[in-house]
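Structure file structure31.txt (compact mmCIF, C-alpha atoms) is printed below.
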```txt
# COMPACT_ATOMS: atom_id res chain seq x y z
CA MET T 566 0.00 0.00 0.00
CA ASN T 567 2.67 2.48 1.07
CA GLU T 568 4.90 1.53 -1.84
CA THR T 569 2.16 2.05 -4.43
CA LEU T 570 1.44 5.42 -2.87
CA PHE T 571 5.15 6.26 -3.05
CA TYR T 572 5.42 5.45 -6.75
CA VAL T 573 2.28 7.43 -7.63
CA LEU T 574 3.43 10.46 -5.61
CA ALA T 575 6.99 10.21 -6.95
CA GLY T 576 5.74 10.15 -10.55
CA LEU T 577 3.49 13.16 -9.90
CA SER T 578 6.36 14.99 -8.21
CA VAL T 579 8.85 14.48 -11.05
CA PHE T 580 6.17 15.44 -13.57
CA GLY T 581 5.40 18.61 -11.59
CA ALA T 582 9.09 19.47 -11.38
CA LEU T 583 9.43 19.07 -15.16
CA ALA T 584 6.42 21.33 -15.64
CA THR T 585 8.02 23.85 -13.27
CA VAL T 586 11.21 24.20 -15.31
CA MET T 587 9.62 23.89 -18.77
CA THR T 588 6.62 26.21 -18.67
CA VAL T 589 7.21 29.57 -20.36
CA HIS T 590 5.16 31.60 -17.88
CA ILE T 591 7.04 32.29 -14.65
CA LEU T 592 3.86 32.71 -12.60
CA ARG T 593 2.69 29.23 -13.64
CA SER T 594 6.14 27.93 -12.80
CA ALA T 595 5.74 29.26 -9.24
CA ILE T 596 2.35 27.55 -8.93
CA TYR T 597 3.76 24.23 -10.17
CA LEU T 598 6.58 24.64 -7.64
CA MET T 599 3.93 24.94 -4.95
CA GLY T 600 2.51 21.58 -6.07
CA VAL T 601 5.94 19.93 -5.98
CA LEU T 602 6.58 21.29 -2.48
CA CYS T 603 3.20 20.00 -1.23
CA LEU T 604 4.07 16.58 -2.67
CA SER T 605 7.40 16.76 -0.82
CA ALA T 606 5.44 17.36 2.38
CA SER T 607 3.55 14.13 1.64
CA PHE T 608 6.92 12.36 1.21
CA TYR T 609 7.89 13.55 4.68
CA VAL T 610 4.66 12.05 6.02
CA LEU T 611 5.50 8.74 4.28
CA LEU T 612 8.97 8.88 5.85
CA GLY T 613 7.51 9.33 9.33
CA ALA T 614 8.60 12.97 9.72
CA GLU T 615 5.24 14.63 10.31
CA PHE T 616 6.76 17.66 12.01
CA LEU T 617 8.89 18.35 8.94
CA ALA T 618 5.82 18.05 6.72
CA GLY T 619 4.12 20.77 8.75
CA ILE T 620 7.20 22.99 8.61
CA GLN T 621 7.47 22.36 4.87
CA ILE T 622 3.93 23.64 4.30
CA LEU T 623 4.43 26.61 6.63
CA VAL T 624 7.84 27.77 5.40
CA TYR T 625 7.97 26.71 1.76
CA VAL T 626 4.36 26.94 0.60
CA GLY T 627 3.27 29.69 2.96
CA GLY T 628 6.43 31.76 2.82
CA ILE T 629 8.79 31.13 -0.06
CA VAL T 630 6.24 30.55 -2.82
CA VAL T 631 4.25 33.62 -1.77
CA LEU T 632 7.49 35.64 -1.85
CA LEU T 633 8.27 34.29 -5.33
CA VAL T 634 4.79 35.17 -6.60
CA PHE T 635 5.19 38.70 -5.24
CA ALA T 636 8.56 38.97 -6.99
CA VAL T 637 7.05 37.77 -10.27
CA MET T 638 4.34 40.42 -10.04
CA LEU T 639 6.77 43.20 -9.10
CA THR T 640 9.19 42.44 -11.93
CA ARG T 641 6.88 42.09 -14.88
CA SER T 642 8.93 43.22 -17.89
CA ASP T 643 7.92 43.56 -21.51
CA ASP T 644 11.03 41.96 -22.97
CA LEU T 645 10.79 38.85 -20.81
CA ASP T 646 7.10 38.12 -20.39
CA GLU T 647 7.69 34.57 -21.55
CA ASP T 648 10.90 32.70 -20.93
CA ARG T 649 11.48 30.64 -24.08
CA PRO T 650 14.97 29.11 -24.02
CA THR T 651 16.78 28.75 -27.34
CA TRP T 652 17.59 25.28 -28.66
CA PRO T 653 21.34 25.36 -27.84
CA ARG T 654 20.46 26.37 -24.29
CA LYS T 655 17.94 23.53 -24.03
CA ILE T 656 20.44 20.99 -25.35
CA VAL T 657 23.15 22.16 -22.93
CA GLY T 658 20.65 21.98 -20.06
CA ALA T 659 19.41 18.50 -21.01
CA VAL T 660 22.93 17.13 -21.49
CA GLY T 661 24.09 18.60 -18.18
CA ALA T 662 21.10 17.33 -16.21
CA LEU T 663 21.02 13.87 -17.84
CA SER T 664 24.76 13.31 -17.43
CA PHE T 665 24.58 14.30 -13.75
CA PHE T 666 21.61 12.01 -13.27
CA SER T 667 23.16 9.00 -15.00
CA VAL T 668 26.57 9.28 -13.32
CA SER T 669 24.99 9.71 -9.88
CA ALA T 670 22.50 6.87 -10.44
CA TRP T 671 25.34 4.56 -11.56
CA LEU T 672 27.41 5.49 -8.48
CA LEU T 673 24.33 4.96 -6.31
CA SER T 674 23.74 1.46 -7.73
CA GLN T 675 27.40 0.61 -7.02
CA SER T 676 27.47 1.74 -3.39
CA PRO T 677 26.12 -0.43 -0.58
CA PHE T 678 24.37 1.34 2.29
CA ALA T 679 24.11 0.01 5.81
CA GLU T 680 20.35 -0.10 5.73
CA GLU T 681 18.79 -0.74 9.10
CA LYS T 682 15.52 -2.45 9.79
CA VAL T 683 12.87 0.23 9.69
CA LEU T 684 10.34 0.14 12.47
CA GLU T 685 6.75 0.48 11.34
CA THR T 686 5.97 3.09 13.95
CA SER T 687 8.67 5.70 14.12
CA ASN T 688 9.95 6.36 17.62
CA VAL T 689 11.14 9.82 16.59
CA ASP T 690 8.85 12.52 17.89
CA ILE T 691 8.83 16.29 17.97
CA LYS T 692 10.26 16.28 21.48
CA SER T 693 13.48 14.58 20.38
CA ILE T 694 13.89 17.04 17.47
CA GLY T 695 13.59 19.94 19.91
CA ARG T 696 16.05 18.30 22.29
CA ALA T 697 18.57 17.73 19.46
CA LEU T 698 18.25 21.36 18.33
CA LEU T 699 19.05 22.76 21.78
CA ASP T 700 21.46 20.07 23.00
CA THR T 701 24.87 21.41 24.00
CA GLY T 702 26.52 17.97 23.97
CA SER T 703 28.66 16.47 21.22
CA ASN T 704 25.59 15.37 19.21
CA GLY T 705 23.69 18.60 19.77
CA TYR T 706 22.93 21.34 17.27
CA VAL T 707 22.77 24.37 19.52
CA LEU T 708 25.63 26.20 17.77
CA PRO T 709 24.21 25.90 14.22
CA PHE T 710 20.81 26.79 15.67
CA GLU T 711 22.16 30.05 17.07
CA VAL T 712 24.11 30.74 13.87
CA VAL T 713 20.91 30.30 11.85
CA SER T 714 19.08 32.74 14.11
CA LEU T 715 21.88 35.28 13.55
CA LEU T 716 21.72 34.61 9.80
CA LEU T 717 17.97 35.21 9.73
CA LEU T 718 18.42 38.52 11.55
CA ALA T 719 21.16 39.54 9.09
CA VAL T 720 18.96 38.58 6.15
CA LEU T 721 16.05 40.58 7.56
CA ILE T 722 18.22 43.70 7.84
CA ALA T 723 19.84 43.08 4.44
CA GLY T 724 16.43 42.72 2.75
CA ILE T 725 15.26 46.06 4.17
CA VAL T 726 18.52 47.84 3.31
CA ILE T 727 18.73 46.52 -0.27
CA ALA T 728 15.09 46.96 -1.25
CA ARG T 729 14.28 50.33 0.36
CA LYS T 730 13.81 53.39 -1.79
CA GLU T 731 16.92 55.47 -2.40
CA PRO T 732 16.95 58.66 -0.33
CA GLN T 733 16.48 61.63 -2.64
CA MET K 791 13.33 1.00 -1.09
CA LEU K 792 16.21 3.32 -0.08
CA PHE K 793 17.51 3.16 -3.66
CA HIS K 794 14.17 4.33 -5.07
CA TRP K 795 13.91 7.17 -2.59
CA VAL K 796 17.40 8.45 -3.40
CA LEU K 797 16.66 8.03 -7.11
CA LEU K 798 13.60 10.25 -6.67
CA SER K 799 15.56 13.03 -5.00
CA LEU K 800 18.25 12.62 -7.67
CA ALA K 801 15.62 13.06 -10.41
CA LEU K 802 14.23 16.20 -8.75
CA PHE K 803 17.76 17.61 -8.38
CA SER K 804 18.56 16.91 -12.06
CA VAL K 805 15.37 18.67 -13.14
CA GLY K 806 16.52 21.62 -11.05
CA ILE K 807 19.89 21.59 -12.85
CA TYR K 808 18.06 21.69 -16.19
CA GLY K 809 16.07 24.69 -14.97
CA VAL K 810 19.17 26.55 -13.78
CA LEU K 811 20.87 25.97 -17.13
CA THR K 812 17.91 27.03 -19.30
CA ARG K 813 16.11 29.86 -17.48
CA ARG K 814 16.79 33.51 -18.33
CA ASN K 815 14.36 35.05 -15.88
CA ALA K 816 15.91 35.62 -12.45
CA VAL K 817 12.77 34.44 -10.63
CA GLY K 818 12.71 31.26 -12.73
CA LEU K 819 16.33 30.68 -11.79
CA LEU K 820 15.51 30.99 -8.09
CA ILE K 821 12.56 28.61 -8.50
CA SER K 822 14.92 26.00 -9.98
CA VAL K 823 17.36 26.50 -7.10
CA GLU K 824 14.46 25.92 -4.70
CA LEU K 825 13.71 22.61 -6.45
CA MET K 826 17.33 21.52 -5.94
CA LEU K 827 17.36 22.52 -2.26
CA ASN K 828 14.10 20.68 -1.70
CA ALA K 829 15.54 17.53 -3.31
CA ALA K 830 18.57 17.73 -1.01
CA ALA K 831 16.32 18.06 2.04
CA ILE K 832 14.32 14.97 0.99
CA ASN K 833 17.62 13.10 0.65
CA LEU K 834 18.62 13.98 4.22
CA VAL K 835 15.31 12.75 5.64
CA VAL K 836 15.48 9.54 3.56
CA PHE K 837 18.92 8.64 4.91
CA ASN K 838 17.73 9.50 8.40
CA ARG K 839 14.84 7.08 8.01
CA TYR K 840 16.66 4.16 6.41
CA VAL K 841 20.22 4.30 7.77
CA ALA K 842 19.79 5.73 11.28
CA PRO K 843 16.10 5.48 12.23
CA ALA K 844 16.71 6.01 15.95
CA GLN K 845 18.33 9.44 15.49
CA VAL K 846 16.89 12.75 14.31
CA ASP K 847 20.04 14.28 12.76
CA GLY K 848 18.72 14.16 9.19
CA GLN K 849 15.48 15.87 10.14
CA VAL K 850 17.34 18.58 12.05
CA MET K 851 19.53 19.22 9.01
CA ALA K 852 16.44 19.39 6.79
CA ILE K 853 15.10 22.12 9.10
CA PHE K 854 18.38 24.02 8.62
CA VAL K 855 18.07 23.59 4.84
CA MET K 856 14.60 25.14 4.96
CA ALA K 857 15.81 28.11 7.02
CA LEU K 858 18.69 28.69 4.60
CA ALA K 859 16.34 28.40 1.59
CA ALA K 860 14.10 31.10 3.07
CA ALA K 861 17.11 33.35 3.70
CA GLU K 862 18.46 32.78 0.19
CA VAL K 863 15.15 33.59 -1.49
CA LEU K 864 14.72 36.75 0.57
CA VAL K 865 18.14 38.17 -0.32
CA GLY K 866 17.80 37.07 -3.96
CA MET K 867 14.40 38.72 -4.30
CA ALA K 868 15.59 41.95 -2.65
CA ILE K 869 18.55 42.18 -5.07
CA LEU K 870 16.31 41.34 -8.02
CA VAL K 871 13.69 43.96 -7.15
CA MET K 872 16.42 46.60 -6.76
CA LEU K 873 18.06 45.66 -10.08
CA PHE K 874 14.68 45.64 -11.79
CA ARG K 875 13.96 49.18 -10.59
CA LYS K 876 17.21 50.36 -12.17
CA ARG K 877 17.16 48.42 -15.46
CA LYS K 878 13.50 47.44 -16.05
CA SER K 879 14.51 43.86 -16.85
CA ALA K 880 14.62 40.53 -15.01
CA ASP K 881 16.89 38.92 -17.60
CA VAL K 882 19.99 37.50 -15.91
CA THR K 883 21.92 37.38 -19.20
CA LYS K 884 21.76 41.21 -19.28
CA MET K 885 23.06 41.67 -15.73
CA MET K 886 26.73 41.66 -16.54
CA GLY K 887 28.07 44.46 -14.30
CA LEU K 888 27.44 45.08 -10.63
CA ARG K 889 27.27 48.87 -11.10
CA HIS K 890 24.93 50.81 -13.42
```
Please express what this file holds, its structure, as structure tokens.
Amino acid sequence: MNETLFYVLAGLSVFGALATVMTVHILRSAIYLMGVLCLSASFYVLLGAEFLAGIQILVYVGGIVVLLVFAVMLTRSDDLDEDRPTWPRKIVGAVGALSFFSVSAWLLSQSPFAEEKVLETSNVDIKSIGRALLDTGSNGYVLPFEVVSLLLLAVLIAGIVIARKEPQ
Amino acid sequence: MLFHWVLLSLALFSVGIYGVLTRRNAVGLLISVELMLNAAAINLVVFNRYVAPAQVDGQVMAIFVMALAAAEVLVGMAILVMLFRKRKSADVTKMMGLRH
């Protein structure tokens, strides 16, 4: 049951991603991206990471896609209303992407992973994620957590400074 | 099953590479970068689930990836909106210089 669901969702997700990069209208591209990100949230649910699925919807779909849509609407230009790549560009892109995919897939099929027996009910809950984020021990992530909070503050200030109107 | 999961994130990442190589619009470029970041985050959670199911390290790193993606989009959009005000174009192939 879960495996069938995985293959259906994976097919839809790859199809949505292809639509995202191939459509000529940027606004449609942003909407397709929203679909792909929602499907990724469903992957997180399949993987037993429900908290991440919620964060994915909140941050990606609720924040980043809305920001992208705003940017599309603010930067509507006459010369680039539709993004139609030329054939050489398409060929370079396809060759680059396909060669990366085939080399990585071949390497992946060659490498053995120490796969552990997966428990049906995941014993990882939100509490342990919170503990790991604020743990000061050797396996804790409190330093990156604080660095990220600093980074977000810096980004907030940088966004205001860059995008404000120039003083006359 | 692990192989199929990683193959899925690999496919999404490759599609993102195609987008980065073909798009001319700056917003389209950022959308493709978002696809690639999202594929990498899926990869982290997959390895968390199948290689170390008792730990949460992969999920924590996926949270960091999301925070960094938000930061990256915000700065990218701010720069793009400023450039667009000056040049009336979102075409990255025309943004050759950093000044004027």
For T:Glu711, which of K:Ala829, K:Thr812, K:Val805, K:Phe854 is the closest residue, counting only C-alpha atoms? K:Phe854
Using all atoms listed in the file, find each residue of chain K with at least one atom at most 7 Å away from an atom of chain T; report its shortest atom-to-atom pair and that distance in Å (one decimal), sort the rows by chain and rising residue number, and return the result as a tab-separated table.
```
residue	atom	partner	partner_atom	distance
K:Leu797	CA	T:Ala670	CA	6.8
K:Leu798	CA	T:Ala575	CA	6.6
K:Leu800	CA	T:Phe666	CA	6.6
K:Ala801	CA	T:Phe666	CA	6.7
K:Leu802	CA	T:Val579	CA	6.1
K:Ser804	CA	T:Ala662	CA	4.9
K:Val805	CA	T:Leu583	CA	6.3
K:Ile807	CA	T:Ala662	CA	5.6
K:Tyr808	CA	T:Gly658	CA	4.7
K:Gly809	CA	T:Val586	CA	4.9
K:Leu811	CA	T:Gly658	CA	5.0
K:Thr812	CA	T:Arg654	CA	5.6
K:Arg813	CA	T:Pro650	CA	6.7
K:Arg814	CA	T:Asp648	CA	6.5
K:Asn815	CA	T:Asp648	CA	6.6
K:Val817	CA	T:Val637	CA	6.6
K:Gly818	CA	T:Ile591	CA	6.1
K:Ile821	CA	T:Ala595	CA	6.9
K:Ser822	CA	T:Val586	CA	6.7
K:Val836	CA	T:Leu612	CA	6.9
K:Arg839	CA	T:Leu612	CA	6.5
K:Tyr840	CA	T:Glu680	CA	5.7
K:Val841	CA	T:Glu680	CA	4.9
K:Ala842	CA	T:Glu681	CA	6.9
K:Pro843	CA	T:Val683	CA	6.7
K:Ala844	CA	T:Val689	CA	6.8
K:Val846	CA	T:Ile694	CA	6.1
K:Val850	CA	T:Ile694	CA	6.6
K:Ala860	CA	T:Ile629	CA	6.2
K:Ala861	CA	T:Val720	CA	6.1
K:Val863	CA	T:Ile629	CA	7.0
K:Leu864	CA	T:Gly724	CA	6.6
K:Val865	CA	T:Gly724	CA	5.7
K:Met867	CA	T:Ala636	CA	6.4
K:Ala868	CA	T:Ala728	CA	5.2
K:Ile869	CA	T:Ile727	CA	6.5
K:Val871	CA	T:Thr640	CA	6.7
K:Met872	CA	T:Ala728	CA	5.7
K:Phe874	CA	T:Thr640	CA	6.4
K:Lys878	CA	T:Ser642	CA	6.5
K:Ser879	CA	T:Ser642	CA	5.7
K:Ala880	CA	T:Thr640	CA	6.5
K:Asp881	CA	T:Leu645	CA	6.9
```
Return the single residue from T:Leu672, T:Lys692, T:Leu570, T:Leu577 that is closest to T:Leu611, with distances computed using all atoms listed in the file.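 Using all atoms listed in the file, the shortest distance to T:Leu611 belongs to T:Leu570.
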Quote the spacing between atom CA of K:Glu862 and atom CA of T:Ser703 in Å to one decimal place.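 Separation between atom CA of K:Glu862 and atom CA of T:Ser703: 28.5 Å.
The residue that comes closest to T:Ile596, out of T:Val573, T:Leu699, T:Val626, T:Leu715 and on the basis of all atoms listed in the file, is T:Val626.
For the pair atom CA of K:Leu825 and atom CA of K:Arg875, the interatomic distance is 26.9 Å.
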So how many Å separate atom CA of T:Thr701 and atom CA of K:Leu827, to one decimal?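 Separation between atom CA of T:Thr701 and atom CA of K:Leu827: 27.3 Å.
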Nearest-residue call for T:Val610, choices T:Leu574, T:Val631, T:Val712, T:Val668, using only C-alpha atoms: T:Leu574
Final N, CA and C atoms of stretch 791-820 of chain K as an mmCIF file, keeping the file's coordinate frame:
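Okay, this is what ended up in part31.cif:
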```cif
data_model
loop_
_atom_site.group_PDB
_atom_site.id
_atom_site.type_symbol
_atom_site.label_atom_id
_atom_site.label_comp_id
_atom_site.auth_asym_id
_atom_site.auth_seq_id
_atom_site.Cartn_x
_atom_site.Cartn_y
_atom_site.Cartn_z
ATOM 1 N N MET K 791 14.167 -0.198 -1.228
ATOM 2 C CA MET K 791 13.330 1.000 -1.090
ATOM 3 C C MET K 791 14.193 2.260 -0.965
ATOM 4 N N LEU K 792 15.313 2.169 -0.219
ATOM 5 C CA LEU K 792 16.210 3.320 -0.080
ATOM 6 C C LEU K 792 16.688 3.799 -1.448
ATOM 7 N N PHE K 793 17.026 2.823 -2.322
ATOM 8 C CA PHE K 793 17.510 3.160 -3.660
ATOM 9 C C PHE K 793 16.473 3.987 -4.426
ATOM 10 N N HIS K 794 15.212 3.595 -4.343
ATOM 11 C CA HIS K 794 14.170 4.330 -5.070
ATOM 12 C C HIS K 794 13.977 5.731 -4.514
ATOM 13 N N TRP K 795 14.057 5.837 -3.190
ATOM 14 C CA TRP K 795 13.910 7.170 -2.590
ATOM 15 C C TRP K 795 15.024 8.093 -3.055
ATOM 16 N N VAL K 796 16.277 7.591 -3.012
ATOM 17 C CA VAL K 796 17.400 8.450 -3.400
ATOM 18 C C VAL K 796 17.313 8.768 -4.888
ATOM 19 N N LEU K 797 16.834 7.783 -5.677
ATOM 20 C CA LEU K 797 16.660 8.030 -7.110
ATOM 21 C C LEU K 797 15.648 9.151 -7.341
ATOM 22 N N LEU K 798 14.598 9.173 -6.529
ATOM 23 C CA LEU K 798 13.600 10.250 -6.670
ATOM 24 C C LEU K 798 14.224 11.603 -6.393
ATOM 25 N N SER K 799 14.978 11.712 -5.306
ATOM 26 C CA SER K 799 15.560 13.030 -5.000
ATOM 27 C C SER K 799 16.599 13.396 -6.055
ATOM 28 N N LEU K 800 17.280 12.376 -6.588
ATOM 29 C CA LEU K 800 18.250 12.620 -7.670
ATOM 30 C C LEU K 800 17.534 13.173 -8.908
ATOM 31 N N ALA K 801 16.372 12.587 -9.235
ATOM 32 C CA ALA K 801 15.620 13.060 -10.410
ATOM 33 C C ALA K 801 15.180 14.499 -10.208
ATOM 34 N N LEU K 802 14.676 14.824 -9.004
ATOM 35 C CA LEU K 802 14.230 16.200 -8.750
ATOM 36 C C LEU K 802 15.416 17.170 -8.846
ATOM 37 N N PHE K 803 16.574 16.744 -8.328
ATOM 38 C CA PHE K 803 17.760 17.610 -8.380
ATOM 39 C C PHE K 803 18.190 17.837 -9.828
ATOM 40 N N SER K 804 18.151 16.765 -10.667
ATOM 41 C CA SER K 804 18.560 16.910 -12.060
ATOM 42 C C SER K 804 17.613 17.851 -12.812
ATOM 43 N N VAL K 805 16.321 17.747 -12.512
ATOM 44 C CA VAL K 805 15.370 18.670 -13.140
ATOM 45 C C VAL K 805 15.702 20.105 -12.744
ATOM 46 N N GLY K 806 16.102 20.294 -11.486
ATOM 47 C CA GLY K 806 16.520 21.620 -11.050
ATOM 48 C C GLY K 806 17.742 22.117 -11.807
ATOM 49 N N ILE K 807 18.700 21.200 -12.073
ATOM 50 C CA ILE K 807 19.890 21.590 -12.850
ATOM 51 C C ILE K 807 19.469 22.039 -14.252
ATOM 52 N N TYR K 808 18.545 21.296 -14.865
ATOM 53 C CA TYR K 808 18.060 21.690 -16.190
ATOM 54 C C TYR K 808 17.465 23.102 -16.140
ATOM 55 N N GLY K 809 16.674 23.370 -15.095
ATOM 56 C CA GLY K 809 16.070 24.690 -14.970
ATOM 57 C C GLY K 809 17.111 25.784 -14.817
ATOM 58 N N VAL K 810 18.128 25.535 -13.993
ATOM 59 C CA VAL K 810 19.170 26.550 -13.780
ATOM 60 C C VAL K 810 19.905 26.829 -15.090
ATOM 61 N N LEU K 811 20.126 25.773 -15.895
ATOM 62 C CA LEU K 811 20.870 25.970 -17.130
ATOM 63 C C LEU K 811 20.043 26.605 -18.242
ATOM 64 N N THR K 812 18.704 26.520 -18.181
ATOM 65 C CA THR K 812 17.910 27.030 -19.300
ATOM 66 C C THR K 812 17.202 28.350 -19.007
ATOM 67 N N ARG K 813 16.901 28.662 -17.758
ATOM 68 C CA ARG K 813 16.110 29.860 -17.480
ATOM 69 C C ARG K 813 16.902 31.133 -17.721
ATOM 70 N N ARG K 814 16.193 32.178 -18.212
ATOM 71 C CA ARG K 814 16.790 33.510 -18.330
ATOM 72 C C ARG K 814 16.227 34.452 -17.298
ATOM 73 N N ASN K 815 14.998 34.186 -16.874
ATOM 74 C CA ASN K 815 14.360 35.050 -15.880
ATOM 75 C C ASN K 815 14.938 34.757 -14.494
ATOM 76 N N ALA K 816 15.267 35.808 -13.750
ATOM 77 C CA ALA K 816 15.910 35.620 -12.450
ATOM 78 C C ALA K 816 14.992 34.876 -11.481
ATOM 79 N N VAL K 817 13.684 35.137 -11.540
ATOM 80 C CA VAL K 817 12.770 34.440 -10.630
ATOM 81 C C VAL K 817 12.709 32.951 -10.990
ATOM 82 N N GLY K 818 12.703 32.653 -12.304
ATOM 83 C CA GLY K 818 12.710 31.260 -12.730
ATOM 84 C C GLY K 818 13.950 30.529 -12.260
ATOM 85 N N LEU K 819 15.062 31.244 -12.279
ATOM 86 C CA LEU K 819 16.330 30.680 -11.790
ATOM 87 C C LEU K 819 16.218 30.324 -10.308
ATOM 88 N N LEU K 820 15.649 31.253 -9.522
ATOM 89 C CA LEU K 820 15.510 30.990 -8.090
ATOM 90 C C LEU K 820 14.548 29.834 -7.830
#
```
